[in-house]
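Notes for the one structure printed next.
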There are 4 protein chains.
Amino acid sequence: MLLRRAPLQTLCFVVWATLLAPGLDSGQRPVKRYEPPPGSGVPTFAVREPVLRLQPGDVVETQTLSGGYYEVPGGAWPGEVGPFYIEGATPDDTLVVKILRLRPNRDTAVSTHTPGFISAVAGDRYTRVLNDPIPARRYVWRLDRQRNLGILDLPTSARRLEVPLRPMLGRVAVAPEGAEAFGGLWPGNFGGNMDAADVTEGVTVYLPIFHEGALFYFGDFHALQGDAEICGSGLESTAEVTFQFDLIKGKRIAWPRLENETHIMVVGSARPLDNALRIAAVEMIEWLVADYGFDKWDAYQTVSQLTEMRIANMVDPLYSVVVRMPKKYLHKP
Amino acid sequence: MLLRRAPLQTLCFVVWATLLAPGLDSGQRPVKRYEPPPGSGVPTFAVREPVLRLQPGDVVETQTLSGGYYEVPGGAWPGEVGPFYIEGATPDDTLVVKILRLRPNRDTAVSTHTPGFISAVAGDRYTRVLNDPIPARRYVWRLDRQRNLGILDLPTSARRLEVPLRPMLGRVAVAPEGAEAFGGLWPGNFGGNMDAADVTEGVTVYLPIFHEGALFYFGDFHALQGDAEICGSGLESTAEVTFQFDLIKGKRIAWPRLENETHIMVVGSARPLDNALRIAAVEMIEWLVADYGFDKWDAYQTVSQLTEMRIANMVDPLYSVVVRMPKKYLHKP
Amino acid sequence: MLLRRAPLQTLCFVVWATLLAPGLDSGQRPVKRYEPPPGSGVPTFAVREPVLRLQPGDVVETQTLSGGYYEVPGGAWPGEVGPFYIEGATPDDTLVVKILRLRPNRDTAVSTHTPGFISAVAGDRYTRVLNDPIPARRYVWRLDRQRNLGILDLPTSARRLEVPLRPMLGRVAVAPEGAEAFGGLWPGNFGGNMDAADVTEGVTVYLPIFHEGALFYFGDFHALQGDAEICGSGLESTAEVTFQFDLIKGKRIAWPRLENETHIMVVGSARPLDNALRIAAVEMIEWLVADYGFDKWDAYQTVSQLTEMRIANMVDPLYSVVVRMPKKYLHKP
Amino acid sequence: MLLRRAPLQTLCFVVWATLLAPGLDSGQRPVKRYEPPPGSGVPTFAVREPVLRLQPGDVVETQTLSGGYYEVPGGAWPGEVGPFYIEGATPDDTLVVKILRLRPNRDTAVSTHTPGFISAVAGDRYTRVLNDPIPARRYVWRLDRQRNLGILDLPTSARRLEVPLRPMLGRVAVAPEGAEAFGGLWPGNFGGNMDAADVTEGVTVYLPIFHEGALFYFGDFHALQGDAEICGSGLESTAEVTFQFDLIKGKRIAWPRLENETHIMVVGSARPLDNALRIAAVEMIEWLVADYGFDKWDAYQTVSQLTEMRIANMVDPLYSVVVRMPKKYLHKP
């Protein structure tokens, strides 16, 4: 079924790429397809044998892993897809990942309240308290993909929620520095489980590279998620996703960056949120200095007055803050 | 000059109030004018003799205090205006403050970098470090009030910023609980220096009441401010402001709430940001339960998926986070 | 009864002062007695009319306030004693407060668990959570003053605790800077409710001065307290206390300092604990540089290797950390 | 040289074990010797092939790794020793590690200030600031092993420090849960780089077990360290160490625990320090309930009044707090 749709997807992508992504001559390349085998999900962001090798410029249609958590109460997490090896990628470069398409491929999404595990507003593994745990809950949302709606009946509250979906990838990552291996719940300077609602169709993700080939991972599709993901889960579901990979040779960045038509963004991850913001804001200031010709203190003033700062997650082992700078103020008159 | 414009303002207000604020029959009342005398600014949010006594429903045209900081390098802060005594207000009630109009009344705005004082991304009084302090800076923005633009020339960076203004009040407060007196830099459950960009023309602010008469204060106009106000100041300027006051008798709230046409919001203030978010999110969940008929855990799920959470300030003695819930999901089908 | 004991106390004090406090010629001065009238407790650290005027060098026998909380379940807090006005004290000076004697004067002490109010390990006003509150508890300890023991029977746990008392004053303060008035629960750069177990008999407290006369306050006697005071209260009781006041003219300090026979100490108060430690450690480094001739980076190395850092409280509006530096390494060989 | 001393060490150990560790009949077992080969240090706490297999009750003489950092400016970290596989260890059990002997085996120790890397009181990788970095420093302490002194000449400060050593192991760990691999700088529920000054000769360390064989690691010897290790390093040196391993079958713990003659202790690691304290204090309360028959709320009261809480590190990726409970109050009368 997926293969049958591929020609149309390719066409869509070519149109999209031609109109919106003029910097990449991706229209010339054949689109590759990668089907992650069932059970192939990995539990960590780490150096391991690649499942796919790609050239800069390559476009790949693929999907997140299914099963377990998405299907049955108490079901196991299926893990992340990857790693993809990008030929020529070295730690001196920056990995460029364009999300050309991101669409749910399932009719439900699940969100769970898991007592004692992770929560922004209840005792959990890190904020340990003496209070009794909150009750477990499992909400199954219907995804009306025609109307792009998430629908949840709340009989106890005598109401139905019907909400436009905002599909996003909770996890995009490279293998982290050195020999470390972080579980799928972790975000960091390698990307990972940032749970940033801005990682959506049409965005370009820039990631630092710590190993030859970059070793790209992805997963944790959310059909929708509120800021901070305070209950510990969004509308967890599965998706088809089309990436285009590229490299910026000879450019190093310290933390993940995002770009869409209107904004450049930095995602900082740390605890408490204070430090996540510090990371993201300082990285943004350094970006304005390095790439846009700002004096350091002018950049400080500019970021102070012109950015949005939203909380991406306050439940993961590190919390994430996104600093968003409008691009219209960055081009010299 | 201000008085001469009053009839037009009143007309504007009547139109506004008729169209947008149907719940208040304020059109019937005469508009009062309060001119804060030069030098009358107060340094704390505290119980003190009222400067004005008002009835619920009253509309007041007034302005923030001028002088000092806004005019000369190193100039002193002119302080806040107030308190206004609202007849009939008791600690069992909620104060309602509609910001009917908020407009800059000066052609410049100032933003300063003050080493060692307050900053989200440099050593300051609270985050004390051994590093050398950053350099002091004072940026004077021009305010083009016809075009609603803030303009800053950055010769060092060879660029000019021209940015739409988003006028807001940094400080709206009642006298805090008990005998405490918090300096003007403090936010808290009494409101105060929340520096929330959502406190703008058209918003309704709900504040808890701790003393008879509520004792309302305001000040700290920003022509524009980025989230988190990371350098410690927005485009600090002065403004004309028109408030309408009211009471919700017999209703108590714990933290400041905001409402505009599209959202209900809660502002939590604490350190670190984590706790500010906890306060705001739990208060929002309790709001959905108390006023909108949500089951507690359904409210938790709803807030998790549907809210925006932005950082209002990360420089004041307490940090502030705003949780924004779209109203369209709150009305039962 | 208290007056009858005064001559003996004076004798004790003279002996103590002669042996242990040679820097102060307090032996020459008559000992003053101040009895705080019942109901005279104040709710805030703030500028207000002094209850007593003293000269530098003066010795005062007094006591903490009784009643309410210490006596009946749900009883009100009796408030702090003060302010004492020290003649000649100005903001250019440092206030010196020697605690010559500190002894419980009651046979019981109370410790309460107050759900939702303050706790390091349960949801409270600042760390708001959705979990159900913990149960309220009120423990009444017996104080065996002859044997210097606190005794608590825990029938549910089938055991009795018998623990040596370590009497301390939770609150010693000056009036804070400017017009601010902090409730008795607050610590800060003015001292206040630091809940530092090192503020005990034999210690000298150094406080910055923000107003003429310094305006000294004290209260919140603990017969014993664990570090961090995690349930929100120590063995709360009342005490007789003898202070000697002095000034260091022309010396300014930024945060409260302590000194006993073996250590110099700094108490930093902020949230999170990280920032309390930063304040205390940087102040200690600056102390070594200013008074002991250390190079700044040598002081950093020295403080890194030789200090103890204990958590005084993690329940108050600001948390407090004490950095303790052994004096024996500070005197040049 | 090390082998030559082995008989004496064994004797010392037998004496020690007989007197102080009556619960282990280790006197019957031959002492094993493990020499970590130069260059064999590992960069992560993770599941990997064991370097040694041991039976419960085994005593092992070994040493930390030498080279690099300890010898030359800019030298690389030699890594940790391990893993040791303990036969019969399963995730249902607790690993018991007695540190029978811990002595420096080198005449110098090094402490470095590394700008921008880790520091409690300067901008670093996590607390990113715009301030200029602090200067790099490298202090070489002499270790007088006969007199058990660390000696540092500070010519700039015109003084010499002579300080009693307090040898400790910064890192004791098991392989962490699942497939995660944390770099040597990380502490966590698996132990790791806790930098707790209480991990010294005579202490028993209890660690949770996540994999068959437990997979024990150690390293990072400090001849001395102040609380919080604020500059990012103690008196870093190398040591001989004698461990005895054992298991508590069928008992699970959640976080590392320590025990010496006078105290039981828990080490919690998280950011901010607040959460490290929460983990350690709640685990201590649960310990009193599970093993000492306390009612939960009595344990809360007891821990509140009777424990010391010291900051072990405020520089590592997670901060560590040690809660220390005197054993004398735990035995029923």
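Going through the structure tokens in order, the chains are called A, B, and so on, while each chain numbers its residues from 1 and the ligands are numbered from 1 in the order shown.
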
Report task. Pull out every residue of chain A sitting within 8 Å of chain B, counting only C-alpha atoms, and send them as an MDAnalysis selection string. Result -> chainID A and resid 111 120:121 137 154 156:163 224:231 234:235 272:274 278 281:282 293:295 297:298 300:301 303:311 314 329 332:333

**Report entry** Per-residue DSSP, region 66-163 of chain D, filtered to helix (DSSP H, G or I), as a list in words
**Finding:**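 Here is the list: Gly68, Tyr69, Tyr70, Pro155, Thr156 and Ser157 of chain D.
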
Query - Surrounding residues of Gln244 (chain B) excluding itself and chain neighbours under 3 positions, 6 Å, only C-alpha atoms, as a PyMOL selection string - result: chain B and resi 58-59+97-98

Query raised in the report: Could you name the residues that touch His211 (chain A) at 10 Å or less, counting only C-alpha atoms, but leaving out those on the same chain fewer than 2 positions away, as a ChimeraX atom specification?
Result: /A:46-47,85,89-92,174-178,208-209,213-215

Requested in this report: Please give the complete set of residues from region 84-306 of chain C that DSSP, run on the backbone, assigns to strand (DSSP E or B), formatted as an NGL selection string.
Outcome: :C and (84-86 or 94-104 or 108-113 or 137-144 or 149-154 or 159-164 or 168-174 or 181-183 or 187-188 or 191-193 or 204-208 or 216-222 or 236-237 or 239-248 or 257-259 or 263-270)

Query - Contacts of Leu65 (chain C) at 8 Å (only C-alpha atoms; same-chain gap of 5+ positions) as a ChimeraX atom specification - result: /C:36,38,41,78-81,219,238

Requested in this report: Could you check how far CA of Leu247 (chain C) sits from CA of Asn189 (chain C), in Å to one decimal?
Outcome: 17.4 Å

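We find CA of Glu283 (chain A) and CA of Arg166 (chain B) to be spaced 25.4 Å apart.
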
Requested in this report: Measure the distance from CA of Gly82 (chain B) to CA of Ser40 (chain B) in Å and round it to one decimal.
Outcome: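 Straight-line distance from CA of Gly82 (chain B) to CA of Ser40 (chain B) works out to 8.8 Å.
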